[in-house]
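my_file_14.cif (mmCIF, C-alpha atoms and all ligand atoms) appears below.
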```cif
data_data
#
loop_
_atom_site.label_atom_id
_atom_site.label_comp_id
_atom_site.auth_asym_id
_atom_site.auth_seq_id
_atom_site.Cartn_x
_atom_site.Cartn_y
_atom_site.Cartn_z
CA MET Q 673 -13.66 -7.09 51.66
CA SER Q 674 -10.88 -6.74 49.07
CA GLU Q 675 -9.91 -3.26 47.89
CA ILE Q 676 -11.16 -4.18 44.40
CA ALA Q 677 -14.61 -5.16 45.66
CA GLU Q 678 -14.69 -2.00 47.80
CA GLN Q 679 -13.93 0.14 44.74
CA TYR Q 680 -16.55 -1.45 42.51
CA ASP Q 681 -19.16 -1.42 45.28
CA ALA Q 682 -18.53 2.30 45.76
CA TYR Q 683 -18.27 3.04 42.02
CA PRO Q 684 -19.90 0.24 39.98
CA TYR Q 685 -18.42 0.32 36.49
CA PRO Q 686 -19.34 1.53 34.00
CA ALA Q 687 -21.83 4.06 35.41
CA ARG Q 688 -25.20 3.02 33.98
CA ASP Q 689 -28.85 3.93 34.58
CA PRO Q 690 -31.06 0.85 34.03
CA GLU Q 691 -33.81 3.09 32.63
CA ASP Q 692 -31.56 3.86 29.64
CA GLU Q 693 -32.21 0.30 28.44
CA ARG Q 694 -35.57 1.58 27.19
CA ARG Q 695 -33.91 3.77 24.56
CA ARG Q 696 -30.58 2.23 23.48
CA LEU Q 697 -28.44 -0.91 23.47
CA VAL Q 698 -24.74 -0.49 24.31
CA THR Q 699 -22.77 -2.54 21.79
CA GLY Q 700 -19.03 -3.09 21.47
CA SER Q 701 -16.16 -5.52 21.21
CA PRO Q 702 -15.75 -8.16 22.40
CA SER Q 703 -19.13 -9.93 22.40
CA TRP Q 704 -20.94 -8.36 19.49
CA LEU Q 705 -22.63 -11.61 18.48
CA PRO Q 706 -21.75 -11.75 14.74
CA GLU Q 707 -18.16 -11.00 15.70
CA VAL Q 708 -18.15 -13.87 18.21
CA GLU Q 709 -19.48 -16.28 15.60
CA HIS Q 710 -16.99 -15.01 13.03
CA PHE Q 711 -13.84 -15.29 15.12
CA LEU Q 712 -14.68 -18.31 17.26
CA PHE Q 713 -17.16 -20.47 15.37
CA ALA Q 714 -15.93 -20.13 11.77
CA GLY Q 715 -19.02 -18.07 10.87
CA ARG Q 716 -21.48 -20.96 11.21
CA ARG Q 717 -22.22 -22.08 14.73
CA ASP Q 718 -24.82 -24.82 15.19
CA TRP Q 719 -27.47 -22.72 16.93
CA SER Q 720 -29.73 -25.74 17.53
CA ARG Q 721 -27.56 -26.32 20.61
CA PRO Q 722 -28.07 -23.81 23.46
CA PHE Q 723 -25.27 -21.29 23.72
CA ARG Q 724 -23.66 -21.55 27.17
CA VAL Q 725 -22.23 -18.15 28.07
CA LEU Q 726 -20.23 -16.90 31.05
CA VAL Q 727 -19.77 -13.17 31.54
CA ALA Q 728 -16.81 -13.07 33.92
CA GLY Q 729 -16.40 -9.79 35.81
CA GLY Q 730 -19.62 -8.58 34.20
CA GLY Q 731 -19.69 -5.25 36.11
CA THR Q 732 -22.85 -3.22 35.54
CA GLY Q 733 -23.66 -5.40 32.56
CA ASP Q 734 -22.62 -3.93 29.20
CA GLY Q 735 -21.33 -7.24 27.80
CA LEU Q 736 -24.05 -9.25 29.52
CA ILE Q 737 -26.90 -7.10 28.22
CA GLN Q 738 -25.42 -6.92 24.72
CA LEU Q 739 -25.13 -10.71 24.50
CA ALA Q 740 -28.44 -11.50 26.15
CA ALA Q 741 -30.33 -8.94 24.05
CA LEU Q 742 -28.78 -10.04 20.74
CA LEU Q 743 -29.31 -13.74 21.46
CA ASP Q 744 -32.90 -13.02 22.49
CA HIS Q 745 -33.48 -10.86 19.41
CA ASP Q 746 -32.22 -13.62 17.12
CA GLY Q 747 -34.26 -16.27 18.98
CA ARG Q 748 -31.17 -18.27 19.95
CA ALA Q 749 -31.43 -20.66 22.90
CA ALA Q 750 -28.92 -19.59 25.54
CA GLU Q 751 -27.87 -20.25 29.13
CA ILE Q 752 -26.17 -17.16 30.47
CA THR Q 753 -24.22 -16.83 33.72
CA TYR Q 754 -23.03 -13.50 35.11
CA LEU Q 755 -20.18 -13.48 37.65
CA ASP Q 756 -18.70 -10.50 39.50
CA LEU Q 757 -17.16 -9.70 42.88
CA SER Q 758 -19.21 -6.55 43.33
CA ARG Q 759 -22.74 -6.82 44.69
CA ALA Q 760 -23.51 -3.21 43.71
CA ALA Q 761 -22.45 -3.80 40.09
CA ARG Q 762 -24.58 -6.94 39.95
CA ASP Q 763 -27.66 -5.04 41.25
CA ILE Q 764 -27.39 -2.63 38.32
CA ALA Q 765 -26.85 -5.46 35.81
CA GLU Q 766 -29.90 -7.28 37.19
CA ARG Q 767 -32.04 -4.16 36.94
CA ARG Q 768 -30.91 -3.58 33.34
CA ALA Q 769 -31.88 -7.14 32.44
CA ALA Q 770 -35.24 -6.69 34.18
CA VAL Q 771 -36.01 -3.47 32.27
CA ARG Q 772 -35.38 -5.37 29.02
CA GLY Q 773 -37.43 -8.37 30.15
CA LEU Q 774 -34.37 -10.62 29.79
CA SER Q 775 -35.13 -13.42 32.21
CA GLY Q 776 -33.30 -16.65 32.93
CA ILE Q 777 -29.84 -15.16 33.50
CA ARG Q 778 -28.01 -16.77 36.41
CA PHE Q 779 -26.40 -14.06 38.57
CA VAL Q 780 -23.48 -15.10 40.78
CA THR Q 781 -21.48 -12.91 43.19
CA GLY Q 782 -17.97 -14.27 43.47
CA ASP Q 783 -14.43 -14.45 42.19
CA LEU Q 784 -13.79 -15.40 38.56
CA LEU Q 785 -11.16 -17.82 39.82
CA THR Q 786 -14.14 -20.01 40.73
CA ALA Q 787 -15.43 -20.02 37.13
CA PRO Q 788 -14.70 -23.74 36.54
CA GLU Q 789 -17.10 -24.57 39.39
CA LEU Q 790 -19.95 -22.91 37.50
CA GLY Q 791 -19.91 -25.25 34.50
CA ARG Q 792 -18.46 -25.54 31.01
CA PHE Q 793 -19.08 -22.70 28.62
CA ASP Q 794 -19.16 -22.27 24.84
CA TYR Q 795 -18.28 -18.61 25.18
CA ILE Q 796 -16.73 -16.53 27.94
CA ASP Q 797 -16.80 -12.73 27.89
CA CYS Q 798 -14.17 -11.15 30.10
CA CYS Q 799 -13.88 -7.46 29.38
CA GLY Q 800 -11.70 -5.12 31.39
CA VAL Q 801 -11.09 -7.53 34.29
CA LEU Q 802 -7.97 -9.69 34.02
CA HIS Q 803 -5.57 -6.73 34.27
CA HIS Q 804 -7.05 -6.05 37.73
CA LEU Q 805 -6.20 -9.46 39.17
CA PRO Q 806 -3.27 -9.71 41.61
CA GLU Q 807 -1.97 -12.57 39.47
CA PRO Q 808 -3.52 -12.25 36.01
CA GLN Q 809 -2.24 -15.64 34.85
CA THR Q 810 -4.48 -17.36 37.41
CA GLY Q 811 -7.46 -15.64 35.79
CA PHE Q 812 -6.48 -16.79 32.29
CA ASP Q 813 -6.03 -20.32 33.66
CA ALA Q 814 -9.40 -20.32 35.43
CA LEU Q 815 -11.26 -19.14 32.33
CA ALA Q 816 -9.48 -21.69 30.15
CA ALA Q 817 -10.53 -24.42 32.60
CA ALA Q 818 -14.17 -23.29 32.41
CA LEU Q 819 -14.20 -23.36 28.60
CA ASP Q 820 -15.67 -26.17 26.52
CA PRO Q 821 -12.96 -27.56 24.19
CA GLY Q 822 -15.06 -26.34 21.25
CA GLY Q 823 -15.59 -22.88 22.72
CA GLY Q 824 -13.79 -19.56 22.86
CA ILE Q 825 -13.21 -16.37 24.81
CA GLY Q 826 -13.76 -12.69 24.02
CA LEU Q 827 -11.34 -10.65 26.05
CA MET Q 828 -10.39 -7.06 26.67
CA VAL Q 829 -7.30 -6.04 28.59
CA TYR Q 830 -5.45 -2.75 28.82
CA ALA Q 831 -2.62 -1.97 26.44
CA PRO Q 832 0.33 0.18 27.55
CA HIS Q 833 1.12 2.76 24.87
CA GLY Q 834 -2.34 4.26 24.36
CA ARG Q 835 -2.60 4.68 28.12
CA SER Q 836 0.53 6.79 28.38
CA GLY Q 837 0.37 9.09 31.37
CA VAL Q 838 -2.07 6.94 33.35
CA TYR Q 839 0.40 4.91 35.39
CA PRO Q 840 2.54 7.76 36.84
CA LEU Q 841 -0.69 9.41 38.02
CA GLN Q 842 -2.04 6.16 39.50
CA GLU Q 843 1.21 5.68 41.40
CA ALA Q 844 1.22 9.24 42.71
CA PHE Q 845 -2.45 9.10 43.77
CA ARG Q 846 -1.88 5.75 45.48
CA ALA Q 847 1.03 7.16 47.50
CA LEU Q 848 -0.80 10.37 48.37
CA LEU Q 849 -4.34 9.13 48.94
CA GLY Q 850 -4.06 5.42 49.80
CA GLY Q 851 -6.04 4.55 52.92
CA LEU Q 852 -8.68 7.26 52.45
CA PRO Q 853 -12.31 6.26 51.85
CA PRO Q 854 -13.15 6.06 48.09
CA ALA Q 855 -15.22 9.27 47.96
CA GLU Q 856 -12.50 11.30 49.69
CA ARG Q 857 -9.83 9.83 47.40
CA LEU Q 858 -11.87 10.81 44.37
CA ALA Q 859 -12.48 14.38 45.56
CA ARG Q 860 -8.80 14.98 46.30
CA ALA Q 861 -7.56 13.33 43.11
CA ARG Q 862 -9.85 15.54 41.04
CA ARG Q 863 -8.32 18.63 42.66
CA ILE Q 864 -4.76 17.36 42.20
CA LEU Q 865 -5.40 16.57 38.54
CA GLU Q 866 -6.41 20.19 37.93
CA GLN Q 867 -2.85 21.22 38.90
CA VAL Q 868 -1.09 18.65 36.70
CA PRO Q 869 0.82 20.66 34.07
CA ALA Q 870 -0.24 20.72 30.43
CA GLY Q 871 2.93 18.91 29.35
CA HIS Q 872 2.19 15.78 31.42
CA PRO Q 873 1.81 12.72 29.12
CA PHE Q 874 -1.69 12.20 30.56
CA ARG Q 875 -2.79 15.69 29.54
CA ARG Q 876 -1.22 15.27 26.12
CA ASN Q 877 -2.94 11.92 25.52
CA PRO Q 878 -6.06 12.57 23.42
CA HIS Q 879 -7.16 8.92 23.62
CA LEU Q 880 -8.29 8.97 27.25
CA SER Q 881 -11.67 10.29 28.29
CA ASP Q 882 -13.07 7.92 30.94
CA HIS Q 883 -12.17 10.39 33.70
CA LEU Q 884 -14.44 12.97 32.09
CA ALA Q 885 -17.42 10.63 31.71
CA SER Q 886 -18.32 9.84 35.34
CA ASP Q 887 -16.97 9.39 38.88
CA ALA Q 888 -16.79 5.65 38.19
CA GLY Q 889 -14.77 6.39 35.05
CA PHE Q 890 -12.36 8.69 36.90
CA TYR Q 891 -11.89 6.13 39.66
CA ASP Q 892 -11.39 3.25 37.25
CA LEU Q 893 -8.83 5.11 35.17
CA LEU Q 894 -6.77 6.95 37.77
CA LEU Q 895 -7.47 5.57 41.23
CA HIS Q 896 -7.46 1.86 40.64
CA SER Q 897 -5.79 -0.15 43.38
CA GLN Q 898 -4.63 -2.82 40.96
CA ASP Q 899 -4.11 -2.19 37.29
CA ARG Q 900 -1.54 -3.16 34.72
CA ALA Q 901 -1.32 -3.16 30.95
CA PHE Q 902 -0.09 -5.85 28.56
CA ALA Q 903 1.54 -5.53 25.17
CA ILE Q 904 -0.05 -7.86 22.62
CA ASP Q 905 2.88 -10.29 22.76
CA GLU Q 906 2.62 -10.48 26.56
CA LEU Q 907 -1.10 -11.15 26.19
CA ALA Q 908 -0.47 -13.91 23.63
CA ALA Q 909 2.08 -15.48 25.98
CA MET Q 910 -0.37 -15.52 28.91
CA LEU Q 911 -3.04 -17.07 26.69
CA GLY Q 912 -0.50 -19.67 25.56
CA ARG Q 913 0.39 -20.62 29.14
CA ALA Q 914 -3.33 -21.23 29.74
CA GLY Q 915 -3.53 -23.57 26.73
CA LEU Q 916 -5.28 -20.95 24.60
CA ALA Q 917 -4.27 -19.29 21.35
CA LEU Q 918 -4.90 -15.75 20.21
CA ILE Q 919 -7.26 -16.06 17.24
CA ALA Q 920 -7.30 -12.38 16.31
CA PRO Q 921 -7.95 -8.90 17.61
CA ALA Q 922 -11.51 -7.71 16.91
CA THR Q 923 -9.94 -5.15 14.54
CA PRO Q 924 -7.01 -7.04 12.98
CA ALA Q 925 -6.01 -4.10 10.74
CA LEU Q 926 -4.84 -2.11 13.78
CA TYR Q 927 -2.15 -4.75 14.33
CA ASP Q 928 -1.20 -5.18 10.68
CA LEU Q 929 2.47 -4.25 10.38
CA ALA Q 930 2.34 -3.99 6.59
CA ARG Q 931 -0.21 -1.17 6.84
CA LEU Q 932 2.27 0.86 8.92
CA LEU Q 933 5.37 0.45 6.76
CA PRO Q 934 6.15 2.70 3.79
CA GLU Q 935 6.63 1.20 0.36
CA GLY Q 936 10.01 -0.47 0.01
CA VAL Q 937 10.36 -1.19 3.74
CA ALA Q 938 9.60 -4.78 4.66
CA ALA Q 939 9.71 -6.50 8.04
CA PRO Q 940 12.24 -9.33 8.45
CA GLU Q 941 10.70 -12.51 7.08
CA ALA Q 942 11.60 -14.53 10.16
CA LEU Q 943 9.13 -12.60 12.30
CA GLY Q 944 6.16 -14.63 13.52
CA GLU Q 945 2.58 -13.38 13.48
CA VAL Q 946 2.56 -12.23 17.11
CA GLU Q 947 5.94 -10.50 16.75
CA ARG Q 948 4.59 -8.59 13.76
CA MET Q 949 1.55 -7.55 15.74
CA ALA Q 950 3.75 -6.47 18.64
CA LEU Q 951 5.79 -4.23 16.33
CA ALA Q 952 2.60 -2.78 14.86
CA GLU Q 953 1.36 -1.97 18.36
CA ARG Q 954 4.59 -0.12 19.11
CA LEU Q 955 4.59 1.76 15.81
CA ARG Q 956 0.94 2.73 16.09
CA GLY Q 957 1.37 3.85 19.68
CA THR Q 958 -2.29 4.62 20.30
CA ILE Q 959 -3.83 1.26 21.22
CA ARG Q 960 -5.38 1.63 24.69
CA THR Q 961 -7.03 -1.75 24.98
CA HIS Q 962 -6.72 -5.10 23.27
CA ALA Q 963 -10.12 -6.54 22.35
CA VAL Q 964 -9.28 -10.05 21.17
CA TYR Q 965 -10.71 -13.50 20.64
CA ALA Q 966 -8.97 -16.64 21.88
CA ALA Q 967 -9.73 -20.35 21.72
CA PRO Q 968 -8.18 -23.60 22.92
CA ALA Q 969 -4.89 -23.98 21.03
CA ALA Q 970 -5.97 -27.37 19.65
CA ARG Q 971 -8.72 -25.83 17.54
CA ALA Q 972 -7.22 -22.41 16.87
CA ALA Q 973 -6.68 -23.02 13.16
CA ARG Q 974 -10.39 -23.79 12.66
CA ALA Q 975 -11.92 -21.07 14.78
CA ARG Q 976 -11.94 -18.02 12.51
CA ALA Q 977 -14.15 -17.68 9.44
CA ARG Q 978 -12.32 -17.17 6.15
CA GLY Q 979 -14.09 -15.56 3.25
CA ARG Q 980 -13.30 -18.32 0.82
CA GLU Q 981 -16.25 -20.60 1.55
CA MET Q 982 -19.14 -19.79 -0.75
CA GLY Q 983 -21.75 -20.89 1.82
CA LEU Q 984 -20.76 -18.17 4.31
CA VAL Q 985 -23.05 -15.20 4.88
CA PRO Q 986 -21.40 -11.78 5.32
CA LEU Q 987 -22.92 -9.05 7.48
CA LEU Q 988 -21.80 -5.42 7.71
CA ARG Q 989 -21.37 -3.80 11.09
CA GLY Q 990 -22.92 -0.37 11.41
CA LEU Q 991 -22.62 0.38 7.70
CA ASP Q 992 -25.20 0.85 4.99
CA ALA Q 993 -24.35 -1.49 2.10
CA ALA Q 994 -25.75 0.77 -0.63
CA LYS Q 995 -23.89 3.83 0.65
CA LEU Q 996 -20.65 1.91 1.05
CA ALA Q 997 -21.00 0.46 -2.46
CA ARG Q 998 -21.47 3.98 -3.87
CA GLN Q 999 -18.28 5.17 -2.12
CA ILE Q 1000 -16.35 2.20 -3.55
CA GLU Q 1001 -17.77 2.73 -7.04
CA ARG Q 1002 -16.98 6.47 -7.01
CA THR Q 1003 -13.54 6.44 -5.37
CA GLY Q 1004 -12.14 2.90 -5.51
CA ARG Q 1005 -11.57 3.18 -1.76
CA VAL Q 1006 -13.15 2.78 1.64
CA THR Q 1007 -12.46 5.83 3.78
CA LEU Q 1008 -13.77 5.77 7.35
CA GLU Q 1009 -12.91 6.45 10.99
CA VAL Q 1010 -12.76 3.13 12.85
CA GLY Q 1011 -12.11 2.92 16.60
CA GLY Q 1012 -10.02 6.09 16.71
CA ALA Q 1013 -8.00 5.20 13.58
CA SER Q 1014 -8.46 6.54 10.06
CA MET Q 1015 -8.75 3.95 7.32
CA ASN Q 1016 -8.33 4.73 3.68
CA ASP Q 1017 -7.97 1.42 1.86
CA LEU Q 1018 -8.19 0.55 -1.83
CA VAL Q 1019 -11.14 -1.60 -2.92
CA PRO Q 1020 -11.61 -2.05 -6.68
CA ALA Q 1021 -14.66 -0.23 -8.06
CA ASP Q 1022 -15.70 -3.56 -9.65
CA ALA Q 1023 -16.45 -4.84 -6.16
CA ALA Q 1024 -19.23 -2.27 -5.61
CA PRO Q 1025 -22.06 -4.53 -6.90
CA LEU Q 1026 -20.90 -7.26 -4.52
CA VAL Q 1027 -20.77 -4.96 -1.50
CA ALA Q 1028 -24.23 -3.57 -2.38
CA ARG Q 1029 -25.66 -7.08 -1.93
CA ILE Q 1030 -24.33 -7.72 1.60
CA ASP Q 1031 -27.41 -7.98 3.79
CA GLY Q 1032 -26.72 -10.64 6.42
CA ARG Q 1033 -28.92 -13.14 4.55
CA ARG Q 1034 -27.31 -13.76 1.17
CA SER Q 1035 -24.44 -16.23 1.06
CA LEU Q 1036 -21.31 -15.52 -0.97
CA ALA Q 1037 -22.62 -17.94 -3.60
CA GLU Q 1038 -25.86 -15.96 -3.86
CA ILE Q 1039 -24.02 -12.63 -4.00
CA ALA Q 1040 -21.79 -13.93 -6.81
CA ALA Q 1041 -24.73 -15.35 -8.77
CA GLN Q 1042 -26.87 -12.23 -8.42
CA ALA Q 1043 -23.99 -9.97 -9.45
CA GLY Q 1044 -23.39 -12.20 -12.47
CA SER Q 1045 -19.85 -12.87 -11.29
CA GLU Q 1046 -18.13 -16.07 -12.37
CA PRO Q 1047 -16.83 -18.00 -9.25
CA LEU Q 1048 -13.09 -17.65 -9.77
CA ALA Q 1049 -13.25 -13.97 -10.66
CA PHE Q 1050 -15.60 -13.50 -7.72
CA LEU Q 1051 -13.17 -15.00 -5.21
CA GLY Q 1052 -10.35 -12.79 -6.44
CA LEU Q 1053 -12.43 -9.66 -6.06
CA TRP Q 1054 -14.03 -10.77 -2.82
CA GLY Q 1055 -10.59 -11.35 -1.30
CA ARG Q 1056 -9.91 -7.62 -1.74
CA VAL Q 1057 -13.22 -6.73 -0.06
CA ASP Q 1058 -12.57 -9.18 2.76
CA ARG Q 1059 -9.08 -7.85 3.45
CA VAL Q 1060 -10.44 -4.35 3.93
CA LEU Q 1061 -13.89 -4.72 5.51
CA GLY Q 1062 -13.02 -7.92 7.40
CA ASP Q 1063 -9.70 -6.68 8.74
CA TRP Q 1064 -11.20 -3.42 9.96
CA GLY Q 1065 -13.92 -5.31 11.84
CA LEU Q 1066 -16.63 -3.92 9.58
CA MET Q 1067 -17.82 -7.23 8.16
CA HIS Q 1068 -18.30 -10.66 9.71
CA TYR Q 1069 -19.51 -14.04 8.57
CA CYS Q 1070 -22.38 -15.35 10.63
CA SER Q 1071 -25.55 -17.43 10.45
CA PRO Q 1072 -28.60 -15.49 9.28
CA ALA Q 1073 -31.02 -14.80 12.14
CA PRO Q 1074 -34.19 -16.89 11.83
CA ALA Q 1075 -36.93 -14.91 10.02
C1 LIG Q 1101 -13.72 -2.36 34.73
S1 LIG Q 1101 -15.06 -3.34 35.29
C2 LIG Q 1101 -15.59 -4.07 33.77
C3 LIG Q 1101 -17.05 -4.45 33.78
C4 LIG Q 1101 -17.57 -5.07 32.48
N1 LIG Q 1101 -16.91 -6.30 32.14
C5 LIG Q 1101 -17.49 -4.09 31.34
O1 LIG Q 1101 -16.60 -4.28 30.47
O2 LIG Q 1101 -18.26 -3.12 31.30
C6 LIG Q 1101 -14.25 -4.66 36.12
C7 LIG Q 1101 -15.22 -5.57 36.85
O3 LIG Q 1101 -14.50 -6.76 37.22
C8 LIG Q 1101 -14.89 -7.13 38.51
N2 LIG Q 1101 -13.80 -7.95 39.07
C9 LIG Q 1101 -12.53 -7.57 39.34
N3 LIG Q 1101 -11.81 -8.61 39.80
C10 LIG Q 1101 -12.66 -9.67 39.81
C11 LIG Q 1101 -12.52 -11.03 40.15
N4 LIG Q 1101 -11.37 -11.51 40.62
N5 LIG Q 1101 -13.60 -11.83 40.04
C12 LIG Q 1101 -14.79 -11.36 39.58
N6 LIG Q 1101 -14.98 -10.07 39.23
C13 LIG Q 1101 -13.92 -9.24 39.34
C14 LIG Q 1101 -15.13 -5.84 39.24
O4 LIG Q 1101 -15.94 -6.01 40.37
C15 LIG Q 1101 -15.77 -5.00 38.15
O5 LIG Q 1101 -17.16 -5.07 38.16
#
```
Show me this structure written as structure tokens.
Amino acid sequence: MSEIAEQYDAYPYPARDPEDERRRLVTGSPSWLPEVEHFLFAGRRDWSRPFRVLVAGGGTGDGLIQLAALLDHDGRAAEITYLDLSRAARDIAERRAAVRGLSGIRFVTGDLLTAPELGRFDYIDCCGVLHHLPEPQTGFDALAAALDPGGGIGLMVYAPHGRSGVYPLQEAFRALLGGLPPAERLARARRILEQVPAGHPFRRNPHLSDHLASDAGFYDLLLHSQDRAFAIDELAAMLGRAGLALIAPATPALYDLARLLPEGVAAPEALGEVERMALAERLRGTIRTHAVYAAPAARAARARARGREMGLVPLLRGLDAAKLARQIERTGRVTLEVGGASMNDLVPADAAPLVARIDGRRSLAEIAAQAGSEPLAFLGLWGRVDRVLGDWGLMHYCSPAPA
């Protein structure tokens, strides 16, 4: 058995109790369904065709259960395949699906390099896996080969700067504890960590907490046998070599260079989009993971929804439209904490009646008509809303769920 399979059999990740499915749904990026439709299917997928999904390296099932539950809730026809090396992780994922009554998922124990043998998929979720492969590029290539030309991928890989302090500790633990059984490694590493001085970059990094959450979290963060991080430009290059293109991060604003530069300081015009994002990542310094969407390069320009089509239907994520509209009306801003970053962006108070009408059912045309906004003026104002709520991952365009 490989060391990776041994780790995830001993500590299936993330630590989950299937019984918790009775009281909450774990949601996140990638693979929140409206987000998938927004970034990969231009906000209007044809749901009359079954959605063929592969969850590659599905672990204990967070992405799998999120997708299966949301598709089931919306009454969308789907064919879902789960694939992971670890038998123990799969057992937990299967039990979670059973508790929710989500039947019909195909569970496969195996290497994601075999993904193309399992079929062609409209969507592949691969969260927290590719950075653990001995040769990550082979993983990108395998997923690209398993993708339908009209499909796309939701991906999460580690990012270097927000994980500062992790890699020196991993190296030290590997040298000191390599060869010991997983439980013994964990016990000793916990004791060593207690002695690590307060000035160590790991101790000073407020963005890391997995090691506090569970044994599986500690092991995954600090005792991994194979783990590397990619800057966003390295990630884009690996996608490119696999014939894929980076569509966008799930929260594009985090990578927006303009938001990080003071007035009067502009980036050189010659910089490309990925280079700008790479500079933003370095200036921000706190990004721990890249949650991104990617699609075959040939259709990259058509994948992402743009808020200029009046037939699109916007949906807020985790926000109350009326409350948000009141904040915009009162302050002319949206001020929120999003994914560990503080946003404080200008949105004209005139846009409040538009925001108040976002309900995941009304199209932009209906919102404009009901707010009494004339189309051209509407598009100008809506562009300002879109740049803030859309870029912070707080609003997506997606098909209304059937009533
Ligand atoms: C950090 S966990 C992530 C689990 C899940 N995707 C999530 O985000 O909660 C990584 C998972 O990838 C699996 N894995 C690692 N390398 C793999 C490979 N080559 N093929 C299939 N699964 C793999 C591990 O067994 C483990 O369950």
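Residues surrounding Q:Pro788 within 9 Å are Leu784, Arg792, Ala814, Leu815, Ala816, Ala817, Ala818 and Leu819 of chain Q [only C-alpha atoms; sequence separation below 4 positions excluded].
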Any chance you can output those residues with C-alpha atoms as a PDB file, in the coordinates of the input?
```
ATOM      1  CA  LEU Q 784     -13.790 -15.400  38.560  1.00  0.00           C
ATOM      2  CA  ARG Q 792     -18.460 -25.540  31.010  1.00  0.00           C
ATOM      3  CA  ALA Q 814      -9.400 -20.320  35.430  1.00  0.00           C
ATOM      4  CA  LEU Q 815     -11.260 -19.140  32.330  1.00  0.00           C
ATOM      5  CA  ALA Q 816      -9.480 -21.690  30.150  1.00  0.00           C
ATOM      6  CA  ALA Q 817     -10.530 -24.420  32.600  1.00  0.00           C
ATOM      7  CA  ALA Q 818     -14.170 -23.290  32.410  1.00  0.00           C
ATOM      8  CA  LEU Q 819     -14.200 -23.360  28.600  1.00  0.00           C
TER       9      LEU Q 819
END
```
Write out as a ChimeraX atom specification each polymer residue whose atoms come within 7 Å of stretch 742-756 of chain Q, counting all atoms listed in the file; drop sequence neighbours fewer than 3 positions from it. /Q:705,719,722-731,738-739,762,777-784,1073-1074
Find the residues near stretch 968-984 of chain Q: any atom within 6 Å, counting all atoms listed in the file, skip ones fewer than 4 places away on the same chain, and give them as a CSV table (one decimal) with C-alpha atoms, in the coordinates of the input.
```csv
chain,number,residue,atom,x,y,z
Q,710,HIS,CA,-17.0,-15.0,13.0
Q,711,PHE,CA,-13.8,-15.3,15.1
Q,712,LEU,CA,-14.7,-18.3,17.3
Q,713,PHE,CA,-17.2,-20.5,15.4
Q,714,ALA,CA,-15.9,-20.1,11.8
Q,715,GLY,CA,-19.0,-18.1,10.9
Q,915,GLY,CA,-3.5,-23.6,26.7
Q,916,LEU,CA,-5.3,-21.0,24.6
Q,917,ALA,CA,-4.3,-19.3,21.4
Q,1035,SER,CA,-24.4,-16.2,1.1
Q,1036,LEU,CA,-21.3,-15.5,-1.0
Q,1037,ALA,CA,-22.6,-17.9,-3.6
```
Counting all atoms listed in the file, which protein, DNA or RNA residues come within 7 Å of ligand LIG 1101 (chain Q), given as a PDB file with C-alpha atoms, keeping the file's coordinate frame?
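Okay, this is what ended up in pocket-v8.pdb:
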```pdb
ATOM      1  CA  ILE Q 676     -11.160  -4.180  44.400  1.00  0.00           C
ATOM      2  CA  ALA Q 677     -14.610  -5.160  45.660  1.00  0.00           C
ATOM      3  CA  TYR Q 680     -16.550  -1.450  42.510  1.00  0.00           C
ATOM      4  CA  PRO Q 684     -19.900   0.240  39.980  1.00  0.00           C
ATOM      5  CA  TYR Q 685     -18.420   0.320  36.490  1.00  0.00           C
ATOM      6  CA  PRO Q 686     -19.340   1.530  34.000  1.00  0.00           C
ATOM      7  CA  ALA Q 728     -16.810 -13.070  33.920  1.00  0.00           C
ATOM      8  CA  GLY Q 729     -16.400  -9.790  35.810  1.00  0.00           C
ATOM      9  CA  GLY Q 730     -19.620  -8.580  34.200  1.00  0.00           C
ATOM     10  CA  GLY Q 731     -19.690  -5.250  36.110  1.00  0.00           C
ATOM     11  CA  THR Q 732     -22.850  -3.220  35.540  1.00  0.00           C
ATOM     12  CA  GLY Q 733     -23.660  -5.400  32.560  1.00  0.00           C
ATOM     13  CA  ASP Q 734     -22.620  -3.930  29.200  1.00  0.00           C
ATOM     14  CA  GLY Q 735     -21.330  -7.240  27.800  1.00  0.00           C
ATOM     15  CA  LEU Q 755     -20.180 -13.480  37.650  1.00  0.00           C
ATOM     16  CA  ASP Q 756     -18.700 -10.500  39.500  1.00  0.00           C
ATOM     17  CA  LEU Q 757     -17.160  -9.700  42.880  1.00  0.00           C
ATOM     18  CA  SER Q 758     -19.210  -6.550  43.330  1.00  0.00           C
ATOM     19  CA  ALA Q 761     -22.450  -3.800  40.090  1.00  0.00           C
ATOM     20  CA  GLY Q 782     -17.970 -14.270  43.470  1.00  0.00           C
ATOM     21  CA  ASP Q 783     -14.430 -14.450  42.190  1.00  0.00           C
ATOM     22  CA  LEU Q 784     -13.790 -15.400  38.560  1.00  0.00           C
ATOM     23  CA  LEU Q 785     -11.160 -17.820  39.820  1.00  0.00           C
ATOM     24  CA  CYS Q 798     -14.170 -11.150  30.100  1.00  0.00           C
ATOM     25  CA  CYS Q 799     -13.880  -7.460  29.380  1.00  0.00           C
ATOM     26  CA  GLY Q 800     -11.700  -5.120  31.390  1.00  0.00           C
ATOM     27  CA  VAL Q 801     -11.090  -7.530  34.290  1.00  0.00           C
ATOM     28  CA  HIS Q 804      -7.050  -6.050  37.730  1.00  0.00           C
ATOM     29  CA  LEU Q 805      -6.200  -9.460  39.170  1.00  0.00           C
ATOM     30  CA  ASP Q 892     -11.390   3.250  37.250  1.00  0.00           C
TER      31      ASP Q 892
END
```
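The environment of stretch 886-888 of chain Q within 10 Å, counting only C-alpha atoms and disregarding residues fewer than 2 places along the same chain, consists of Gln679, Tyr680, Ala682, Tyr683, Pro684, Tyr685, Pro686, Ala687, Arg688, Ala855, Leu858, Ala859, Arg862, Ser881, Asp882, His883, Leu884, Phe890, Tyr891, Asp892, Leu893 and Leu895 of chain Q.
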